[in-house]
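One structure is given below, encoded as C-alpha cells.
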Amino acid sequence: MIEIQDLRKIYNKDKKNPTEALRGVSLTIEDGEMVAVCGTSGAGKSTLLYCIAGLEDYDAGVCKVDGVEIRAMKNRTAAAFRNEKYGFVLQDFALIDDYTVLENVTLPFAFGKHVSGKDTELAMEVIRRVGLEEQKNSYVKELSGGQKQRTAIARALINKPRIIFADEPTGALDSKTTQEIMQLFAELNADGITMVIVTHDSTVAGYCKRRLQVEDGLIVSDKRCCGCP
Ligand SMILES: Nc1ncnc2c1ncn2[C@@H]1O[C@H](COP(=O)(O)OP(=O)(O)O)[C@@H](O)[C@H]1O
Ligand SMILES: [Mg+2]
C-alpha cells in the first residue's frame with residue numbers, strides 16, 4: 001500500500017527561481033490498483049511518481065510504501081527496497097540499442113557478475129510473457145516502438161515487482177500500439193501487480209479503473225470507474 005500525506009516538493013529551493021512542483025498531495029493507493037495520473041505538461045505528475053518511487057526526495061509530508069517511510073531510507077537500503085518491489089517503465093524505453101532483447105532484460109543481473117542459466121531462464125519467462133519470444137536475439141535498434149516498450153516491460157518484470165511505475169509509457173507510440181501496451185498492462189494488473197501510470201493520453205487513462213487529475217502540484221480530482229477503454 002502507498003500512503004501519502006501532504007507531500008511537498010520544491011525544486012531549486014535555495015535559488016532565485018524555486019518551483020513548487022507538489023503543493024500538498026495526499027493519496028492512498030491500495031495493492032492491486034491500476035491508477036492513471038493525468039494532467040497537462042508541468043502539472044507535477046512525474047515529480048509525484050518519482051517521489052513515491054524514491055527516485056526524488058521531497059521537502060515535506062509523508063510517503064510510505066508498505067508502512068516504510070521512503071525518505072528515511074539511506075541510499076543503499078532505498079536501492080534494495082526499489083529493486084525488490086518496483087519496476088519502472090519510461091517513455092524513451094531506456095534500453096541499450098546495441099544489445100539484444102535478452103541482453104537488455106538480463107541487464108539487472110549482469111552488473112558485476114556473470115549471467116547464470118537460471119537468470120536466462122527467468123528472463124525468457126518474462127520475454128514470453130510480453131510476447132517477444134521470437135525477437136529474443138534481435139538487437140533493440142531493429143525493433144519497432146511497441147517491441148522496444150515490451151522489452152522495457154520485460155526488464156521491469158524481471159525482479160517480480162509488486163508495483164510498476166510508468167511515466168508516459170506510450171508517449172512515443174502510435175494509437176494501435178498504445179492499446180496493445182495498455183492491454184498488456186491490464187493483464188499484469190490482473191496478475192496482481194499494482195500499476196501507477198503517468199499519462200496525458202485519455203486512451204491510456206481509459207484502461208485505468210482509477211484516474212487522478214493533477215494540476216499545478218495538487219490532485220484536483222480522483223475518480224473510479226469500470227476501467228473499460
Ligand atoms: N529537475 C527539475 N528542476 C527544476 N524544476 C523542475 C525539475 N523537474 C521538474 N521541474 C518543474 O516542476 C514542475 C513539475 O514538473 P513535472 O513533475 O515534470 O511535470 P509533469 O510530469 O506533469 O509534466 C514543472 O514546473 C517543472 O518545470
Ligand atoms: Mg512528466
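Identifiers in this document derive from the order of the C-alpha cells: chains are assigned A, B, ..., residues are numbered from 1 separately in each chain, and ligands are numbered from 1 in order of occurrence.
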
Next item on the list: Please write out the residues within 9 Å of ligand 1 as a PyMOL selection string, counting only C-alpha atoms and all ligand atoms.
Entry: chain A and resi 9-12+17-22+37-50+167-168+198-200+214-217

Could the residues in this selection be saved with N, CA and C atoms as a compact mmCIF listing (two decimals), in the first residue's frame?
# COMPACT_ATOMS: atom_id res chain seq x y z
N LYS A 9 7.07 19.29 -2.71
CA LYS A 9 8.37 19.24 -3.36
C LYS A 9 8.66 20.59 -4.02
N ILE A 10 9.79 21.15 -3.66
CA ILE A 10 10.21 22.42 -4.26
C ILE A 10 11.55 22.20 -4.96
N TYR A 11 11.58 22.47 -6.26
CA TYR A 11 12.85 22.43 -6.99
C TYR A 11 13.56 23.78 -6.82
N ASN A 12 14.86 23.76 -6.86
CA ASN A 12 15.67 24.99 -6.76
C ASN A 12 15.32 25.80 -5.51
N ASN A 17 14.99 30.97 -8.42
CA ASN A 17 13.77 30.58 -9.13
C ASN A 17 13.18 29.27 -8.59
N PRO A 18 12.76 29.22 -7.34
CA PRO A 18 12.18 27.98 -6.81
C PRO A 18 10.87 27.62 -7.51
N THR A 19 10.65 26.33 -7.73
CA THR A 19 9.39 25.85 -8.32
C THR A 19 8.72 24.90 -7.34
N GLU A 20 7.50 25.24 -6.95
CA GLU A 20 6.73 24.34 -6.08
C GLU A 20 6.04 23.31 -6.96
N ALA A 21 6.66 22.14 -7.11
CA ALA A 21 6.12 21.13 -8.04
C ALA A 21 5.00 20.33 -7.40
N LEU A 22 5.08 20.08 -6.09
CA LEU A 22 3.99 19.42 -5.35
C LEU A 22 3.63 20.32 -4.18
N VAL A 37 -2.31 8.72 -13.55
CA VAL A 37 -2.04 10.06 -13.03
C VAL A 37 -2.02 10.99 -14.24
N CYS A 38 -3.12 11.75 -14.39
CA CYS A 38 -3.31 12.57 -15.59
C CYS A 38 -3.04 14.04 -15.29
N GLY A 39 -2.89 14.82 -16.34
CA GLY A 39 -2.68 16.26 -16.16
C GLY A 39 -1.81 16.80 -17.26
N THR A 40 -1.82 18.11 -17.43
CA THR A 40 -1.06 18.74 -18.51
C THR A 40 0.44 18.73 -18.19
N SER A 41 1.22 19.08 -19.17
CA SER A 41 2.67 19.15 -19.00
C SER A 41 3.03 20.18 -17.93
N GLY A 42 3.91 19.79 -17.01
CA GLY A 42 4.33 20.70 -15.95
C GLY A 42 3.45 20.66 -14.71
N ALA A 43 2.42 19.80 -14.72
CA ALA A 43 1.46 19.75 -13.59
C ALA A 43 2.09 19.17 -12.32
N GLY A 44 3.12 18.34 -12.49
CA GLY A 44 3.76 17.72 -11.33
C GLY A 44 3.62 16.20 -11.30
N LYS A 45 3.15 15.62 -12.41
CA LYS A 45 2.90 14.17 -12.47
C LYS A 45 4.17 13.36 -12.26
N SER A 46 5.21 13.69 -13.02
CA SER A 46 6.46 12.92 -12.91
C SER A 46 7.07 13.09 -11.53
N THR A 47 7.01 14.30 -11.03
CA THR A 47 7.56 14.57 -9.69
C THR A 47 6.86 13.69 -8.65
N LEU A 48 5.55 13.61 -8.76
CA LEU A 48 4.79 12.77 -7.82
C LEU A 48 5.23 11.31 -7.93
N LEU A 49 5.33 10.83 -9.16
CA LEU A 49 5.74 9.44 -9.39
C LEU A 49 7.13 9.18 -8.81
N TYR A 50 8.06 10.09 -9.09
CA TYR A 50 9.44 9.88 -8.64
C TYR A 50 9.57 9.98 -7.13
N ASP A 167 6.07 6.18 -16.57
CA ASP A 167 5.97 7.61 -16.86
C ASP A 167 5.80 7.80 -18.36
N GLU A 168 4.60 8.19 -18.78
CA GLU A 168 4.26 8.37 -20.20
C GLU A 168 4.74 7.16 -21.03
N VAL A 198 1.67 7.46 -15.27
CA VAL A 198 1.56 8.88 -15.60
C VAL A 198 1.28 9.02 -17.09
N THR A 199 0.29 9.83 -17.42
CA THR A 199 -0.05 9.99 -18.84
C THR A 199 -0.81 11.29 -19.07
N HIS A 200 -0.74 11.80 -20.31
CA HIS A 200 -1.71 12.84 -20.64
C HIS A 200 -2.60 12.37 -21.79
N VAL A 214 -3.94 15.73 -11.86
CA VAL A 214 -3.01 16.61 -11.17
C VAL A 214 -2.96 17.95 -11.90
N GLU A 215 -3.11 19.03 -11.15
CA GLU A 215 -2.99 20.37 -11.72
C GLU A 215 -2.18 21.23 -10.78
N ASP A 216 -1.15 21.84 -11.33
CA ASP A 216 -0.39 22.81 -10.56
C ASP A 216 0.04 22.28 -9.18
N GLY A 217 0.51 21.04 -9.16
CA GLY A 217 1.07 20.48 -7.92
C GLY A 217 0.06 19.94 -6.94

Checklist line | Non-local contacts of Lys136 of chain A (10 Å; only C-alpha atoms; under 2 positions in same chain excluded) as JSON, numbers by chain | finding: {"A": [100, 101, 102, 103, 104, 105, 123, 124, 127, 128, 131, 132, 133, 134, 138, 139, 140, 151]}

Note to self: Applying 12 Å and only C-alpha atoms, which residues near Phe185 of chain A remain after dropping the ones on its own chain fewer than 5 positions away? List them as a PyMOL selection string.
What the structure shows: chain A and resi 33-36+89+129-130+149-150+153-154+156-157+163-166+169-170+178-180+190-197+204-205+207-208

Next item on the list: Kindly give the distance, in Å, that separates atom CA of Asp6 of chain A and atom CA of Ile70 of chain A, rounded to a single decimal.
Entry: 14.3 Å

Note to self: Can you tell me, as a ChimeraX atom specification, which residues in segment 21-227 of chain A count as strand (DSSP E or B) by DSSP?
What the structure shows: /A:21-29,34-38,60-65,68-69,86-90,100,139,163-167,194-198,210-215,218-224

Item checked: Non-local contacts of Met1 of chain A (12 Å; only C-alpha atoms; under 6 positions in same chain excluded) as a list in words ->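 Residues meeting the cut-off are Leu27, Thr28, Ile29, Glu30, Asp31, Gly32, Glu33, Ile52, Cys63, Lys64, Val65, Asp66, Gly67, Val68, Glu69, Lys85, Arg162, Ile163, Ile193, Thr194, Met195 and Val196 of chain A.
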
Next item on the list: Find, counting only C-alpha atoms and all ligand atoms, the residue in A:Glu3, A:Asp92, A:Glu142, A:Glu187 that gets nearest to ligand 2.
Entry: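 Looking only at the distances to ligand 2, the closest residue turns out to be A:Asp92.
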